[in-house]
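Colleague: work-v7.pdb is the file, holding PDB, C-alpha atoms and all ligand atoms:
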ATOM      1  CA  MET A 654      24.842 142.371 154.900  1.00  0.00           C
ATOM      2  CA  THR A 655      27.702 140.522 153.609  1.00  0.00           C
ATOM      3  CA  VAL A 656      29.240 141.300 150.295  1.00  0.00           C
ATOM      4  CA  ALA A 657      30.550 138.410 148.315  1.00  0.00           C
ATOM      5  CA  LYS A 658      34.127 138.961 147.677  1.00  0.00           C
ATOM      6  CA  LYS A 659      35.609 138.166 144.417  1.00  0.00           C
ATOM      7  CA  PRO A 660      38.009 135.290 144.887  1.00  0.00           C
ATOM      8  CA  VAL A 661      41.490 136.531 144.867  1.00  0.00           C
ATOM      9  CA  LYS A 662      43.913 134.485 142.921  1.00  0.00           C
ATOM     10  CA  ASN A 663      47.178 133.876 144.464  1.00  0.00           C
ATOM     11  CA  SER A 664      50.211 135.073 142.612  1.00  0.00           C
ATOM     12  CA  GLU A 665      51.195 131.543 141.544  1.00  0.00           C
ATOM     13  CA  ALA A 666      47.810 130.974 139.841  1.00  0.00           C
ATOM     14  CA  VAL A 667      48.038 134.350 138.092  1.00  0.00           C
ATOM     15  CA  SER A 668      51.529 133.579 136.949  1.00  0.00           C
ATOM     16  CA  GLU A 669      50.401 130.184 135.609  1.00  0.00           C
ATOM     17  CA  GLU A 670      47.467 131.794 133.779  1.00  0.00           C
ATOM     18  CA  VAL A 671      49.768 134.387 132.233  1.00  0.00           C
ATOM     19  CA  MET A 672      52.103 131.654 131.198  1.00  0.00           C
ATOM     20  CA  THR A 673      49.255 129.742 129.619  1.00  0.00           C
ATOM     21  CA  ARG A 674      48.148 132.810 127.664  1.00  0.00           C
ATOM     22  CA  ARG A 675      51.723 133.488 126.746  1.00  0.00           C
ATOM     23  CA  ARG A 676      52.139 129.939 125.518  1.00  0.00           C
ATOM     24  CA  LEU A 677      48.941 130.200 123.523  1.00  0.00           C
ATOM     25  CA  LEU A 678      50.050 133.459 121.931  1.00  0.00           C
ATOM     26  CA  THR A 679      53.474 132.015 121.214  1.00  0.00           C
ATOM     27  CA  TRP A 680      51.942 128.938 119.678  1.00  0.00           C
ATOM     28  CA  LEU A 681      49.537 131.006 117.565  1.00  0.00           C
ATOM     29  CA  SER A 682      52.245 133.320 116.313  1.00  0.00           C
ATOM     30  CA  SER A 683      54.517 130.345 115.572  1.00  0.00           C
ATOM     31  CA  PHE A 684      51.707 128.683 113.701  1.00  0.00           C
ATOM     32  CA  GLY A 685      51.072 131.905 111.791  1.00  0.00           C
ATOM     33  CA  LEU A 686      54.735 132.255 110.870  1.00  0.00           C
ATOM     34  CA  PHE A 687      54.947 128.632 109.850  1.00  0.00           C
ATOM     35  CA  GLY A 688      51.788 128.932 107.766  1.00  0.00           C
ATOM     36  CA  SER A 689      52.936 132.083 106.040  1.00  0.00           C
ATOM     37  CA  ALA A 690      56.322 130.461 105.359  1.00  0.00           C
ATOM     38  CA  ILE A 691      54.587 127.512 103.704  1.00  0.00           C
ATOM     39  CA  ILE A 692      52.379 129.823 101.647  1.00  0.00           C
ATOM     40  CA  THR A 693      55.448 131.817 100.589  1.00  0.00           C
ATOM     41  CA  VAL A 694      57.330 128.679  99.545  1.00  0.00           C
ATOM     42  CA  LEU A 695      54.348 127.282  97.644  1.00  0.00           C
ATOM     43  CA  SER A 696      53.625 130.540  95.859  1.00  0.00           C
ATOM     44  CA  ASN A 697      57.297 130.835  94.905  1.00  0.00           C
ATOM     45  CA  LEU A 698      57.236 127.304  93.546  1.00  0.00           C
ATOM     46  CA  ILE A 699      54.189 128.172  91.481  1.00  0.00           C
ATOM     47  CA  PHE A 700      55.968 131.169  89.964  1.00  0.00           C
ATOM     48  CA  ILE A 701      59.346 129.456  89.585  1.00  0.00           C
ATOM     49  CA  LYS A 702      57.867 126.509  87.757  1.00  0.00           C
ATOM     50  CA  PRO A 703      57.689 127.490  84.109  1.00  0.00           C
ATOM     51  CA  ARG A 704      54.180 127.799  82.822  1.00  0.00           C
ATOM     52  CA  ALA A 705      55.174 127.300  79.248  1.00  0.00           C
ATOM     53  CA  THR A 706      52.584 127.004  76.605  1.00  0.00           C
ATOM     54  CA  TYR A 707      54.050 124.778  74.043  1.00  0.00           C
ATOM     55  CA  GLY A 708      51.499 125.398  71.368  1.00  0.00           C
ATOM     56  CA  GLN A 709      51.052 122.762  68.751  1.00  0.00           C
ATOM     57  CA  PRO A 710      53.186 119.669  68.980  1.00  0.00           C
ATOM     58  CA  GLN A 711      56.187 119.774  66.689  1.00  0.00           C
ATOM     59  CA  ARG A 712      55.793 116.152  65.628  1.00  0.00           C
ATOM     60  CA  PHE A 713      52.481 115.318  64.044  1.00  0.00           C
ATOM     61  CA  ALA A 714      50.836 112.925  61.632  1.00  0.00           C
ATOM     62  CA  ILE A 715      49.721 114.156  58.232  1.00  0.00           C
ATOM     63  CA  GLY A 716      47.948 111.084  56.918  1.00  0.00           C
ATOM     64  CA  LYS A 717      48.696 107.915  54.965  1.00  0.00           C
ATOM     65  CA  PRO A 718      51.022 108.142  51.953  1.00  0.00           C
ATOM     66  CA  ASP A 719      48.210 107.195  49.588  1.00  0.00           C
ATOM     67  CA  GLU A 720      46.341 110.333  50.576  1.00  0.00           C
ATOM     68  CA  PHE A 721      48.906 112.332  48.600  1.00  0.00           C
ATOM     69  CA  ALA A 722      48.892 111.800  44.848  1.00  0.00           C
ATOM     70  CA  PRO A 723      52.305 111.644  43.166  1.00  0.00           C
ATOM     71  CA  GLY A 724      53.406 115.053  41.955  1.00  0.00           C
ATOM     72  CA  THR A 725      51.409 116.955  44.541  1.00  0.00           C
ATOM     73  CA  ARG A 726      52.539 119.871  46.641  1.00  0.00           C
ATOM     74  CA  ILE A 727      50.001 120.426  49.369  1.00  0.00           C
ATOM     75  CA  ALA A 728      50.306 123.320  51.791  1.00  0.00           C
ATOM     76  CA  ILE A 729      49.015 122.728  55.307  1.00  0.00           C
ATOM     77  CA  ASP A 730      48.804 126.289  56.601  1.00  0.00           C
ATOM     78  CA  THR A 731      47.816 125.310  60.139  1.00  0.00           C
ATOM     79  CA  GLU A 732      51.170 123.519  60.463  1.00  0.00           C
ATOM     80  CA  ARG A 733      53.048 125.961  58.218  1.00  0.00           C
ATOM     81  CA  ILE A 734      54.379 123.193  56.014  1.00  0.00           C
ATOM     82  CA  CYS A 735      54.057 122.012  52.443  1.00  0.00           C
ATOM     83  CA  ILE A 736      54.048 118.297  51.719  1.00  0.00           C
ATOM     84  CA  VAL A 737      55.749 117.376  48.493  1.00  0.00           C
ATOM     85  CA  ARG A 738      55.355 113.963  46.885  1.00  0.00           C
ATOM     86  CA  GLU A 739      57.532 112.928  43.974  1.00  0.00           C
ATOM     87  CA  GLY A 740      56.954 109.290  43.071  1.00  0.00           C
ATOM     88  CA  ASN A 741      57.303 107.431  46.358  1.00  0.00           C
ATOM     89  CA  ARG A 742      59.398 110.155  47.945  1.00  0.00           C
ATOM     90  CA  PHE A 743      58.030 112.633  50.444  1.00  0.00           C
ATOM     91  CA  ALA A 744      59.318 115.921  51.792  1.00  0.00           C
ATOM     92  CA  ALA A 745      57.987 118.534  54.183  1.00  0.00           C
ATOM     93  CA  LEU A 746      59.108 122.102  53.591  1.00  0.00           C
ATOM     94  CA  SER A 747      58.476 124.987  55.905  1.00  0.00           C
ATOM     95  CA  THR A 748      56.114 127.605  54.543  1.00  0.00           C
ATOM     96  CA  THR A 749      57.318 130.208  57.019  1.00  0.00           C
ATOM     97  CA  CYS A 750      59.061 132.943  55.084  1.00  0.00           C
ATOM     98  CA  THR A 751      62.598 133.470  56.319  1.00  0.00           C
ATOM     99  CA  HIS A 752      62.215 137.231  55.966  1.00  0.00           C
ATOM    100  CA  LEU A 753      59.633 138.174  58.584  1.00  0.00           C
ATOM    101  CA  GLY A 754      57.678 134.979  59.015  1.00  0.00           C
ATOM    102  CA  CYS A 755      54.667 135.324  56.748  1.00  0.00           C
ATOM    103  CA  ILE A 756      53.227 132.138  55.305  1.00  0.00           C
ATOM    104  CA  VAL A 757      54.429 131.611  51.776  1.00  0.00           C
ATOM    105  CA  GLY A 758      52.045 130.244  49.198  1.00  0.00           C
ATOM    106  CA  VAL A 759      52.681 127.492  46.682  1.00  0.00           C
ATOM    107  CA  SER A 760      53.295 128.955  43.240  1.00  0.00           C
ATOM    108  CA  GLU A 761      54.029 127.643  39.732  1.00  0.00           C
ATOM    109  CA  THR A 762      57.757 127.961  40.260  1.00  0.00           C
ATOM    110  CA  GLY A 763      57.950 127.131  43.955  1.00  0.00           C
ATOM    111  CA  PHE A 764      56.805 129.417  46.730  1.00  0.00           C
ATOM    112  CA  ALA A 765      55.884 133.088  46.872  1.00  0.00           C
ATOM    113  CA  CYS A 766      55.549 135.303  49.913  1.00  0.00           C
ATOM    114  CA  PRO A 767      52.600 137.694  49.869  1.00  0.00           C
ATOM    115  CA  CYS A 768      54.138 140.121  52.340  1.00  0.00           C
ATOM    116  CA  HIS A 769      57.257 141.549  50.722  1.00  0.00           C
ATOM    117  CA  GLY A 770      57.569 139.548  47.548  1.00  0.00           C
ATOM    118  CA  SER A 771      60.196 136.949  48.371  1.00  0.00           C
ATOM    119  CA  ARG A 772      60.265 134.025  45.976  1.00  0.00           C
ATOM    120  CA  PHE A 773      61.593 130.506  46.476  1.00  0.00           C
ATOM    121  CA  ASP A 774      62.122 127.675  44.034  1.00  0.00           C
ATOM    122  CA  GLN A 775      60.580 124.236  44.462  1.00  0.00           C
ATOM    123  CA  ASP A 776      63.379 123.216  46.840  1.00  0.00           C
ATOM    124  CA  GLY A 777      62.867 126.334  48.930  1.00  0.00           C
ATOM    125  CA  ASN A 778      65.955 128.210  47.688  1.00  0.00           C
ATOM    126  CA  VAL A 779      65.605 131.981  47.567  1.00  0.00           C
ATOM    127  CA  THR A 780      65.160 133.241  44.025  1.00  0.00           C
ATOM    128  CA  GLY A 781      64.147 136.796  44.801  1.00  0.00           C
ATOM    129  CA  GLY A 782      63.067 139.308  47.401  1.00  0.00           C
ATOM    130  CA  PRO A 783      64.384 140.115  50.840  1.00  0.00           C
ATOM    131  CA  ALA A 784      64.305 136.584  52.322  1.00  0.00           C
ATOM    132  CA  PRO A 785      67.798 135.893  53.680  1.00  0.00           C
ATOM    133  CA  LYS A 786      67.648 132.081  53.848  1.00  0.00           C
ATOM    134  CA  PRO A 787      65.983 129.181  52.055  1.00  0.00           C
ATOM    135  CA  LEU A 788      62.889 127.475  53.445  1.00  0.00           C
ATOM    136  CA  ALA A 789      63.571 124.755  55.997  1.00  0.00           C
ATOM    137  CA  TRP A 790      63.075 121.059  55.297  1.00  0.00           C
ATOM    138  CA  TYR A 791      61.710 118.877  58.073  1.00  0.00           C
ATOM    139  CA  GLN A 792      62.160 115.199  58.750  1.00  0.00           C
ATOM    140  CA  VAL A 793      59.398 112.937  57.474  1.00  0.00           C
ATOM    141  CA  SER A 794      58.971 109.386  58.764  1.00  0.00           C
ATOM    142  CA  LEU A 795      56.428 106.610  58.854  1.00  0.00           C
ATOM    143  CA  ALA A 796      54.598 105.967  62.136  1.00  0.00           C
ATOM    144  CA  PRO A 797      53.758 102.402  63.238  1.00  0.00           C
ATOM    145  CA  ASN A 798      50.142 103.003  62.215  1.00  0.00           C
ATOM    146  CA  GLY A 799      51.245 103.668  58.643  1.00  0.00           C
ATOM    147  CA  GLU A 800      50.791 107.432  58.709  1.00  0.00           C
ATOM    148  CA  LEU A 801      53.436 109.879  57.624  1.00  0.00           C
ATOM    149  CA  GLU A 802      54.805 112.031  60.418  1.00  0.00           C
ATOM    150  CA  VAL A 803      56.559 115.352  60.215  1.00  0.00           C
ATOM    151  CA  ASP A 804      58.930 116.481  62.954  1.00  0.00           C
ATOM    152  CA  LYS A 805      59.419 120.227  62.909  1.00  0.00           C
ATOM    153  CA  ASN A 806      62.096 119.895  65.580  1.00  0.00           C
ATOM    154  CA  ALA A 807      64.222 117.933  63.125  1.00  0.00           C
ATOM    155  CA  GLU A 808      65.480 120.174  60.359  1.00  0.00           C
ATOM    156  CA  ILE A 809      67.222 118.221  57.620  1.00  0.00           C
ATOM    157  CA  ASN A 810      69.297 119.030  54.555  1.00  0.00           C
ATOM    158  CA  ALA A 811      67.371 120.406  51.603  1.00  0.00           C
ATOM    159  CA  GLY A 812      66.714 117.773  49.003  1.00  0.00           C
ATOM    160  CA  THR A 813      66.489 114.930  51.535  1.00  0.00           C
ATOM    161  CA  TYR A 814      63.345 112.964  50.763  1.00  0.00           C
ATOM    162  CA  PHE A 815      61.738 110.172  52.751  1.00  0.00           C
ATOM    163  CA  GLU A 816      61.006 107.154  50.571  1.00  0.00           C
ATOM    164  CA  VAL A 817      58.028 104.929  51.292  1.00  0.00           C
TER     165      VAL A 817
HETATM  166  S1  LIG B 901      57.860 138.065  55.207  1.00  0.00           S
HETATM  167 FE1  LIG B 901      58.117 137.112  53.321  1.00  0.00          FE
HETATM  168  S2  LIG B 901      59.102 138.587  52.122  1.00  0.00           S
HETATM  169 FE2  LIG B 901      58.845 139.529  54.018  1.00  0.00          FE
END
Let's see the structure in the file written out as structure tokens.
Ligand code: FES
Modeller:
Amino acid sequence: MTVAKKPVKNSEAVSEEVMTRRRLLTWLSSFGLFGSAIITVLSNLIFIKPRATYGQPQRFAIGKPDEFAPGTRIAIDTERICIVREGNRFAALSTTCTHLGCIVGVSETGFACPCHGSRFDQDGNVTGGPAPKPLAWYQVSLAPNGELEVDKNAEINAGTYFEV
């Protein structure tokens, strides 16, 4: 009875097979390193890039001039502004109290803060309470579509009206 012998590989074939495995392992580990490097770079870019939430835009339309009757002072609480119309002149005053940021309400004499009692005159000047500064005035302009726009990034001197 003859026993089939397992073919014996010569040392050159074994060496070549080892080299092939070695190359495969080297390639796989290189690929793994390269892949993890790419993932690291991408994840860093994701975290480095600011994910700012800008909230509401600071420049926004408030409507056509005719929508505001002369002599009106209309608070728009969602934008924290009060639109003032005197004749054909418009102004936008901040309704954010300069004390601790509560929303001031329109009063007979100007503005009143419900939180700690600060009072402001019709131009936003402090007339009482702990508020350290007057209310801000924002730039008002007319958009090409005929609507008034307020830019809360553009603070202007108190008493500066936009004339239509
Ligand atoms: S927040 Fe207005 S008086 Fe304090």
Colleague: Could you list, as a list in words, all residues that come within 9 Å of ligand LIG 901 (chain B)? Count all atoms listed in the file.
Modeller: Thr749, Cys750, Thr751, His752, Leu753, Gly754, Cys755, Ile756, Val757, Ala765, Cys766, Pro767, Cys768, His769, Gly770, Ser771, Arg772, Gly782, Pro783 and Ala784 of chain A
Colleague: Return the single residue from A:Ile692, A:Leu788, A:Ala744, A:Ile734 that is closest to A:Glu816, with distances computed using all atoms listed in the file.
Modeller: A:Ala744
Colleague: List as a PDB file with C-alpha atoms, in the coordinates of the input: which residues have an atom within 10 Å of (57.1, 113.0, 44.4), counting all atoms listed in the file?
Modeller:
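Full text of point.pdb as output:
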ATOM      1  CA  PHE A 721      48.906 112.332  48.600  1.00  0.00           C
ATOM      2  CA  ALA A 722      48.892 111.800  44.848  1.00  0.00           C
ATOM      3  CA  PRO A 723      52.305 111.644  43.166  1.00  0.00           C
ATOM      4  CA  GLY A 724      53.406 115.053  41.955  1.00  0.00           C
ATOM      5  CA  THR A 725      51.409 116.955  44.541  1.00  0.00           C
ATOM      6  CA  ARG A 726      52.539 119.871  46.641  1.00  0.00           C
ATOM      7  CA  ILE A 736      54.048 118.297  51.719  1.00  0.00           C
ATOM      8  CA  VAL A 737      55.749 117.376  48.493  1.00  0.00           C
ATOM      9  CA  ARG A 738      55.355 113.963  46.885  1.00  0.00           C
ATOM     10  CA  GLU A 739      57.532 112.928  43.974  1.00  0.00           C
ATOM     11  CA  GLY A 740      56.954 109.290  43.071  1.00  0.00           C
ATOM     12  CA  ASN A 741      57.303 107.431  46.358  1.00  0.00           C
ATOM     13  CA  ARG A 742      59.398 110.155  47.945  1.00  0.00           C
ATOM     14  CA  PHE A 743      58.030 112.633  50.444  1.00  0.00           C
ATOM     15  CA  ALA A 744      59.318 115.921  51.792  1.00  0.00           C
ATOM     16  CA  TYR A 814      63.345 112.964  50.763  1.00  0.00           C
ATOM     17  CA  PHE A 815      61.738 110.172  52.751  1.00  0.00           C
ATOM     18  CA  GLU A 816      61.006 107.154  50.571  1.00  0.00           C
TER      19      GLU A 816
END
Colleague: For A:Gln792, which residue out of A:Ser689, A:Ser682, A:Ser760, A:Thr813 is the nearest one, using all atoms listed in the file?
Modeller: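 Nearest to A:Gln792: A:Thr813.
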Colleague: What separation in Å, quoted to one decimal, exists between atom CA of A:Asp730 and atom CA of A:Thr748?
Modeller: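 Atom-to-atom, atom CA of A:Asp730 to atom CA of A:Thr748, that is 7.7 Å.
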Colleague: Step by step: start from the point (70.5, 122.0, 51.1) in the file's coordinates, keep every protein, DNA or RNA residue that has an atom no farther than 9 Å from it, count all atoms listed in the file, and write the set as a list in words.
Modeller: Asp776, Asn778, Pro787, Ala789, Trp790, Ile809, Asn810, Ala811, Gly812 and Thr813 of chain A
Colleague: If the PyMOL selection byres (((chain A and resi 803) around 9) and not hetatm) is run on the structure shown, which residues does it catch, given as a PyMOL selection string?
Modeller: chain A and resi 711-715+744-745+791-795+801-802+804-807
Colleague: Quick one: distance from atom CA of A:Ala690 to atom CA of A:Leu678 in Å, one decimal?
Modeller: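 According to the coordinates, atom CA of A:Ala690 and atom CA of A:Leu678 are separated by 18.0 Å.
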Colleague: Work out how far atom CA of A:Pro718 is from atom CA of A:Lys786, in Å to one decimal.
Modeller: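 It comes out at 29.2 Å.
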Colleague: With distances taken over all atoms listed in the file, which of A:Leu681, A:Ile729, A:Val817, A:Val779 is nearest to A:Thr762?
Modeller: A:Val779
Colleague: What would stretch 752-776 of chain A look like with N, CA and C atoms in place, written as a PDB file, keeping the file's coordinate frame?
Modeller:
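Below you can see part28.pdb, which holds the result:
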ATOM      1  N   HIS A 752      62.040 135.785  55.800  1.00  0.00           N
ATOM      2  CA  HIS A 752      62.215 137.231  55.966  1.00  0.00           C
ATOM      3  C   HIS A 752      61.597 137.656  57.291  1.00  0.00           C
ATOM      4  N   LEU A 753      60.280 137.756  57.335  1.00  0.00           N
ATOM      5  CA  LEU A 753      59.633 138.174  58.584  1.00  0.00           C
ATOM      6  C   LEU A 753      58.544 137.212  59.027  1.00  0.00           C
ATOM      7  N   GLY A 754      58.545 136.022  58.476  1.00  0.00           N
ATOM      8  CA  GLY A 754      57.678 134.979  59.015  1.00  0.00           C
ATOM      9  C   GLY A 754      56.288 134.856  58.442  1.00  0.00           C
ATOM     10  N   CYS A 755      55.980 135.533  57.369  1.00  0.00           N
ATOM     11  CA  CYS A 755      54.667 135.324  56.748  1.00  0.00           C
ATOM     12  C   CYS A 755      54.597 133.901  56.179  1.00  0.00           C
ATOM     13  N   ILE A 756      53.388 133.461  55.907  1.00  0.00           N
ATOM     14  CA  ILE A 756      53.227 132.138  55.305  1.00  0.00           C
ATOM     15  C   ILE A 756      53.333 132.284  53.796  1.00  0.00           C
ATOM     16  N   VAL A 757      54.275 131.551  53.228  1.00  0.00           N
ATOM     17  CA  VAL A 757      54.429 131.611  51.776  1.00  0.00           C
ATOM     18  C   VAL A 757      53.389 130.700  51.143  1.00  0.00           C
ATOM     19  N   GLY A 758      53.010 131.060  49.931  1.00  0.00           N
ATOM     20  CA  GLY A 758      52.045 130.244  49.198  1.00  0.00           C
ATOM     21  C   GLY A 758      52.749 129.427  48.129  1.00  0.00           C
ATOM     22  N   VAL A 759      52.142 128.326  47.757  1.00  0.00           N
ATOM     23  CA  VAL A 759      52.681 127.492  46.682  1.00  0.00           C
ATOM     24  C   VAL A 759      52.405 128.203  45.357  1.00  0.00           C
ATOM     25  N   SER A 760      53.452 128.305  44.535  1.00  0.00           N
ATOM     26  CA  SER A 760      53.295 128.955  43.240  1.00  0.00           C
ATOM     27  C   SER A 760      53.754 128.008  42.137  1.00  0.00           C
ATOM     28  N   GLU A 761      53.613 128.455  40.891  1.00  0.00           N
ATOM     29  CA  GLU A 761      54.029 127.643  39.732  1.00  0.00           C
ATOM     30  C   GLU A 761      55.496 127.242  39.838  1.00  0.00           C
ATOM     31  N   THR A 762      56.310 128.191  40.268  1.00  0.00           N
ATOM     32  CA  THR A 762      57.757 127.961  40.260  1.00  0.00           C
ATOM     33  C   THR A 762      58.310 127.556  41.626  1.00  0.00           C
ATOM     34  N   GLY A 763      57.479 127.496  42.619  1.00  0.00           N
ATOM     35  CA  GLY A 763      57.950 127.131  43.955  1.00  0.00           C
ATOM     36  C   GLY A 763      57.054 127.723  45.021  1.00  0.00           C
ATOM     37  N   PHE A 764      57.561 128.768  45.653  1.00  0.00           N
ATOM     38  CA  PHE A 764      56.805 129.417  46.730  1.00  0.00           C
ATOM     39  C   PHE A 764      56.937 130.929  46.578  1.00  0.00           C
ATOM     40  N   ALA A 765      55.880 131.630  46.952  1.00  0.00           N
ATOM     41  CA  ALA A 765      55.884 133.088  46.872  1.00  0.00           C
ATOM     42  C   ALA A 765      55.338 133.647  48.177  1.00  0.00           C
ATOM     43  N   CYS A 766      56.005 134.679  48.668  1.00  0.00           N
ATOM     44  CA  CYS A 766      55.549 135.303  49.913  1.00  0.00           C
ATOM     45  C   CYS A 766      54.676 136.512  49.591  1.00  0.00           C
ATOM     46  N   PRO A 767      53.504 136.579  50.171  1.00  0.00           N
ATOM     47  CA  PRO A 767      52.600 137.694  49.869  1.00  0.00           C
ATOM     48  C   PRO A 767      52.987 138.992  50.576  1.00  0.00           C
ATOM     49  N   CYS A 768      53.871 138.924  51.535  1.00  0.00           N
ATOM     50  CA  CYS A 768      54.138 140.121  52.340  1.00  0.00           C
ATOM     51  C   CYS A 768      55.098 141.103  51.667  1.00  0.00           C
ATOM     52  N   HIS A 769      56.276 140.630  51.305  1.00  0.00           N
ATOM     53  CA  HIS A 769      57.257 141.549  50.722  1.00  0.00           C
ATOM     54  C   HIS A 769      57.857 140.992  49.442  1.00  0.00           C
ATOM     55  N   GLY A 770      57.201 140.002  48.888  1.00  0.00           N
ATOM     56  CA  GLY A 770      57.569 139.548  47.548  1.00  0.00           C
ATOM     57  C   GLY A 770      58.713 138.563  47.437  1.00  0.00           C
ATOM     58  N   SER A 771      59.124 137.951  48.508  1.00  0.00           N
ATOM     59  CA  SER A 771      60.196 136.949  48.371  1.00  0.00           C
ATOM     60  C   SER A 771      59.693 135.766  47.560  1.00  0.00           C
ATOM     61  N   ARG A 772      60.611 135.188  46.808  1.00  0.00           N
ATOM     62  CA  ARG A 772      60.265 134.025  45.976  1.00  0.00           C
ATOM     63  C   ARG A 772      61.274 132.922  46.275  1.00  0.00           C
ATOM     64  N   PHE A 773      60.769 131.691  46.205  1.00  0.00           N
ATOM     65  CA  PHE A 773      61.593 130.506  46.476  1.00  0.00           C
ATOM     66  C   PHE A 773      61.330 129.496  45.369  1.00  0.00           C
ATOM     67  N   ASP A 774      62.356 128.720  45.032  1.00  0.00           N
ATOM     68  CA  ASP A 774      62.122 127.675  44.034  1.00  0.00           C
ATOM     69  C   ASP A 774      61.467 126.461  44.693  1.00  0.00           C
ATOM     70  N   GLN A 775      61.301 125.395  43.932  1.00  0.00           N
ATOM     71  CA  GLN A 775      60.580 124.236  44.462  1.00  0.00           C
ATOM     72  C   GLN A 775      61.304 123.554  45.620  1.00  0.00           C
ATOM     73  N   ASP A 776      62.622 123.769  45.714  1.00  0.00           N
ATOM     74  CA  ASP A 776      63.379 123.216  46.840  1.00  0.00           C
ATOM     75  C   ASP A 776      63.476 124.195  48.007  1.00  0.00           C
TER      76      ASP A 776
END
